[in-house]
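K.L.:
If you scroll down you'll find the structure; I have some questions about it.
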Amino acid sequence: MGAAMGQPKTPENAARLSEERAKQARARYAPPQARKPFTSEEIFTALNDNEIGDAKLLASAMQERFVFDSKRGVFFRFEGGYWKKDLENECRPVAVNIFQEAYGAEAARQAAVANNPVADKETQDAARQRMERCNKRLERVKTLHRLENTLKLAASGLEGLAIPESAKG
């Protein structure tokens, strides 16, 4: 049986082979890496692009955690080694959290500039307006209608969460 079946002959070879397989499994089934925060430029581009901009933010942040099967009309979420149908609609609270982090963080950055006593009045006023835009958008994306529209847009297109036809069975 030994070497003919690809089995290692020595305990050292067995340990090495076992460690290689474990490393491959960890890489394959590792949870998605935490995404770095959105830049101010990405946030303001999203603000300017309205629902499409929100959808692009979502799609990039949800990329390794959710996919959308357009043929079945359902989201799937990654469960550490396999994709599970998102029957609990976890994509919605995840989307709200993404918006909260993105627009909330940008509003906080702009508030810091607006309240900086060293900054000139024009800079403070501009930062205050940007902060208000972020806060307004954050309130809008928390509504069911806006959230549903944004998820629909994020689920479509080549850069969205839709599963490419070539990846389907």
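Labels for the structure tokens follow display order: chains A, B, ..., residues from 1 in each chain, ligands from 1.
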Report the closest atom pair, with its distance in Å rounded to one decimal, for each residue of range 78-149 of chain A that has an atom no farther than 9 Å from range 38-47 of chain A; count only C-alpha atoms, sort by chain and then rising residue number, and write it as CSV.
P.N.:
```
residue,atom,partner,partner_atom,distance
A:Glu101,CA,A:Phe38,CA,8.9
A:Ala102,CA,A:Phe38,CA,6.3
A:Tyr103,CA,A:Ile43,CA,7.0
A:Ala105,CA,A:Phe38,CA,8.9
A:Glu106,CA,A:Ser40,CA,6.5
A:Arg109,CA,A:Ser40,CA,8.7
A:Arg130,CA,A:Phe44,CA,8.5
A:Arg133,CA,A:Leu47,CA,7.8
A:Cys134,CA,A:Leu47,CA,7.7
A:Arg137,CA,A:Leu47,CA,7.5
```
K.L.:
Would you export the selected residues with N, CA and C atoms as an mmCIF file, in the first residue's frame, please?
P.N.:
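Saved as part-v2.cif:
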```cif
data_model
loop_
_atom_site.group_PDB
_atom_site.id
_atom_site.type_symbol
_atom_site.label_atom_id
_atom_site.label_comp_id
_atom_site.auth_asym_id
_atom_site.auth_seq_id
_atom_site.Cartn_x
_atom_site.Cartn_y
_atom_site.Cartn_z
ATOM 1 N N GLU A 101 -20.636 52.166 8.541
ATOM 2 C CA GLU A 101 -19.189 52.316 8.658
ATOM 3 C C GLU A 101 -18.654 53.331 7.647
ATOM 4 N N ALA A 102 -19.108 53.216 6.401
ATOM 5 C CA ALA A 102 -18.578 54.073 5.343
ATOM 6 C C ALA A 102 -18.980 55.532 5.536
ATOM 7 N N TYR A 103 -20.286 55.791 5.550
ATOM 8 C CA TYR A 103 -20.754 57.173 5.643
ATOM 9 C C TYR A 103 -20.566 57.741 7.048
ATOM 10 N N ALA A 105 -18.095 56.970 9.155
ATOM 11 C CA ALA A 105 -16.671 57.300 9.310
ATOM 12 C C ALA A 105 -16.324 58.585 8.566
ATOM 13 N N GLU A 106 -16.884 58.744 7.363
ATOM 14 C CA GLU A 106 -16.597 59.960 6.595
ATOM 15 C C GLU A 106 -17.214 61.181 7.272
ATOM 16 N N ARG A 109 -14.883 62.135 9.978
ATOM 17 C CA ARG A 109 -13.680 62.806 9.461
ATOM 18 C C ARG A 109 -13.985 64.255 9.122
ATOM 19 N N ARG A 130 -20.131 68.639 3.664
ATOM 20 C CA ARG A 130 -19.831 67.243 3.332
ATOM 21 C C ARG A 130 -20.323 66.313 4.438
ATOM 22 N N ARG A 133 -24.038 65.922 4.087
ATOM 23 C CA ARG A 133 -24.360 65.021 2.965
ATOM 24 C C ARG A 133 -24.217 63.563 3.384
ATOM 25 N N CYS A 134 -23.150 63.268 4.096
ATOM 26 C CA CYS A 134 -22.931 61.888 4.556
ATOM 27 C C CYS A 134 -24.034 61.459 5.517
ATOM 28 N N ARG A 137 -27.307 60.875 3.595
ATOM 29 C CA ARG A 137 -27.258 59.623 2.831
ATOM 30 C C ARG A 137 -27.407 58.433 3.775
#
```
K.L.:
Grab the CA of Lys85 in chain A to CA of Arg140 in chain A distance for me, in Å with one decimal place.
P.N.:
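Taking CA of Lys85 in chain A and CA of Arg140 in chain A, their separation equals 27.4 Å.
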K.L.:
Determine, counting only C-alpha atoms, which protein, DNA and RNA residues have an atom within 12 Å of an atom of Thr123 in chain A; residues of the same chain fewer than 6 positions away are not included. Present the result as a list in words.
P.N.:
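Here the qualifying residues turn out to be Gln110, Ala111, Ala112, Val113, Ala114, Asn115, Asn116, Pro117, Gln129 and Arg130 of chain A.
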K.L.:
Identify which of the residues A:Gly104, A:Ala95, A:Gln63, A:Tyr82 lies closest to Lys136 in chain A, counting only C-alpha atoms when measuring atom-to-atom distances.
P.N.:
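So, comparing all the options, the nearest one is A:Gly104.
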K.L.:
Please compute the CA of Glu159 in chain A-CA of Ala55 in chain A distance, one decimal, in Å.
P.N.:
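The value is 10.1 Å.
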K.L.:
Quote the spacing between CA of Thr143 in chain A and CA of Ala126 in chain A in Å to one decimal place.
P.N.:
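One can read the CA of Thr143 in chain A to CA of Ala126 in chain A distance as 26.8 Å.
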K.L.:
From a backbone DSSP assignment, name each residue in range 48-161 of chain A labelled helix (DSSP H, G or I), as a PDB file with C-alpha atoms, in the first residue's frame.
P.N.:
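As a result, states37.pdb now contains:
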```pdb
ATOM      1  CA  ASN A  48     -22.351  61.921  -6.363  1.00  0.00           C
ATOM      2  CA  ASN A  50     -26.484  58.312  -5.858  1.00  0.00           C
ATOM      3  CA  GLU A  51     -27.976  54.768  -5.712  1.00  0.00           C
ATOM      4  CA  ILE A  52     -25.475  53.450  -8.248  1.00  0.00           C
ATOM      5  CA  GLY A  53     -22.648  54.798  -6.095  1.00  0.00           C
ATOM      6  CA  ASP A  54     -24.128  53.151  -3.007  1.00  0.00           C
ATOM      7  CA  ALA A  55     -24.427  49.892  -4.947  1.00  0.00           C
ATOM      8  CA  LYS A  56     -20.759  50.041  -5.994  1.00  0.00           C
ATOM      9  CA  LEU A  57     -19.730  50.523  -2.353  1.00  0.00           C
ATOM     10  CA  LEU A  58     -21.841  47.537  -1.338  1.00  0.00           C
ATOM     11  CA  ALA A  59     -20.607  45.297  -4.113  1.00  0.00           C
ATOM     12  CA  SER A  60     -16.970  45.964  -3.312  1.00  0.00           C
ATOM     13  CA  ALA A  61     -17.451  45.486   0.437  1.00  0.00           C
ATOM     14  CA  MET A  62     -19.621  42.365   0.159  1.00  0.00           C
ATOM     15  CA  CYS A  91     -27.350  40.651   3.369  1.00  0.00           C
ATOM     16  CA  ARG A  92     -29.635  43.500   4.494  1.00  0.00           C
ATOM     17  CA  PRO A  93     -28.195  44.144   7.973  1.00  0.00           C
ATOM     18  CA  VAL A  94     -24.697  43.616   6.551  1.00  0.00           C
ATOM     19  CA  ALA A  95     -25.447  46.273   3.925  1.00  0.00           C
ATOM     20  CA  VAL A  96     -26.694  48.701   6.582  1.00  0.00           C
ATOM     21  CA  ASN A  97     -23.528  48.094   8.623  1.00  0.00           C
ATOM     22  CA  ILE A  98     -21.378  48.758   5.566  1.00  0.00           C
ATOM     23  CA  PHE A  99     -23.152  52.060   4.979  1.00  0.00           C
ATOM     24  CA  GLN A 100     -22.935  52.922   8.673  1.00  0.00           C
ATOM     25  CA  GLU A 101     -19.189  52.316   8.658  1.00  0.00           C
ATOM     26  CA  ALA A 102     -18.578  54.073   5.343  1.00  0.00           C
ATOM     27  CA  TYR A 103     -20.754  57.173   5.643  1.00  0.00           C
ATOM     28  CA  GLY A 104     -20.471  57.361   9.430  1.00  0.00           C
ATOM     29  CA  ALA A 105     -16.671  57.300   9.310  1.00  0.00           C
ATOM     30  CA  GLU A 106     -16.597  59.960   6.595  1.00  0.00           C
ATOM     31  CA  ALA A 107     -19.040  62.163   8.550  1.00  0.00           C
ATOM     32  CA  ALA A 108     -16.732  61.861  11.565  1.00  0.00           C
ATOM     33  CA  ARG A 109     -13.680  62.806   9.461  1.00  0.00           C
ATOM     34  CA  GLN A 110     -15.499  65.838   8.103  1.00  0.00           C
ATOM     35  CA  ALA A 111     -16.720  66.802  11.601  1.00  0.00           C
ATOM     36  CA  ALA A 112     -13.126  66.836  12.781  1.00  0.00           C
ATOM     37  CA  VAL A 113     -12.234  69.285   9.996  1.00  0.00           C
ATOM     38  CA  ALA A 114     -15.368  71.377  10.585  1.00  0.00           C
ATOM     39  CA  LYS A 121     -13.926  79.351   7.886  1.00  0.00           C
ATOM     40  CA  GLU A 122     -14.264  78.317   4.237  1.00  0.00           C
ATOM     41  CA  THR A 123     -12.655  74.918   4.931  1.00  0.00           C
ATOM     42  CA  GLN A 124     -14.834  74.422   8.009  1.00  0.00           C
ATOM     43  CA  ASP A 125     -18.011  75.302   6.099  1.00  0.00           C
ATOM     44  CA  ALA A 126     -17.141  72.950   3.230  1.00  0.00           C
ATOM     45  CA  ALA A 127     -16.429  70.131   5.690  1.00  0.00           C
ATOM     46  CA  ARG A 128     -19.724  70.819   7.477  1.00  0.00           C
ATOM     47  CA  GLN A 129     -21.608  70.526   4.165  1.00  0.00           C
ATOM     48  CA  ARG A 130     -19.831  67.243   3.332  1.00  0.00           C
ATOM     49  CA  MET A 131     -20.629  65.935   6.823  1.00  0.00           C
ATOM     50  CA  GLU A 132     -24.316  66.807   6.349  1.00  0.00           C
ATOM     51  CA  ARG A 133     -24.360  65.021   2.965  1.00  0.00           C
ATOM     52  CA  CYS A 134     -22.931  61.888   4.556  1.00  0.00           C
ATOM     53  CA  ASN A 135     -25.427  61.985   7.417  1.00  0.00           C
ATOM     54  CA  LYS A 136     -28.377  62.520   5.027  1.00  0.00           C
ATOM     55  CA  ARG A 137     -27.258  59.623   2.831  1.00  0.00           C
ATOM     56  CA  LEU A 138     -26.858  57.424   5.865  1.00  0.00           C
ATOM     57  CA  GLU A 139     -30.453  58.107   6.877  1.00  0.00           C
ATOM     58  CA  ARG A 140     -31.694  57.419   3.332  1.00  0.00           C
ATOM     59  CA  VAL A 141     -29.912  54.087   2.932  1.00  0.00           C
ATOM     60  CA  LEU A 144     -36.284  49.680   3.114  1.00  0.00           C
ATOM     61  CA  HIS A 145     -36.983  51.143  -0.332  1.00  0.00           C
ATOM     62  CA  ARG A 146     -33.473  52.581  -0.758  1.00  0.00           C
ATOM     63  CA  LEU A 147     -31.848  49.474   0.717  1.00  0.00           C
ATOM     64  CA  GLU A 148     -33.750  47.167  -1.652  1.00  0.00           C
ATOM     65  CA  ASN A 149     -32.913  49.322  -4.675  1.00  0.00           C
ATOM     66  CA  THR A 150     -29.260  49.436  -3.705  1.00  0.00           C
ATOM     67  CA  LEU A 151     -29.072  45.678  -3.180  1.00  0.00           C
ATOM     68  CA  LYS A 152     -30.728  45.092  -6.582  1.00  0.00           C
ATOM     69  CA  LEU A 153     -28.153  47.315  -8.248  1.00  0.00           C
ATOM     70  CA  ALA A 154     -25.271  45.711  -6.315  1.00  0.00           C
TER      71      ALA A 154
END
```
K.L.:
Residues within 10 Å of Gly73 in chain A, please, as a PDB file with C-alpha atoms, in the first residue's frame. Count only C-alpha atoms; anything in the same chain fewer than 3 positions from it doesn't count.
P.N.:
```pdb
ATOM      1  CA  PHE A  68     -26.358  36.781  -6.088  1.00  0.00           C
ATOM      2  CA  ASP A  69     -27.749  33.998  -8.242  1.00  0.00           C
ATOM      3  CA  SER A  70     -29.833  35.909 -10.773  1.00  0.00           C
ATOM      4  CA  ALA A 155     -26.495  42.276  -7.395  1.00  0.00           C
ATOM      5  CA  ALA A 162     -24.073  38.413  -9.617  1.00  0.00           C
TER       6      ALA A 162
END
```
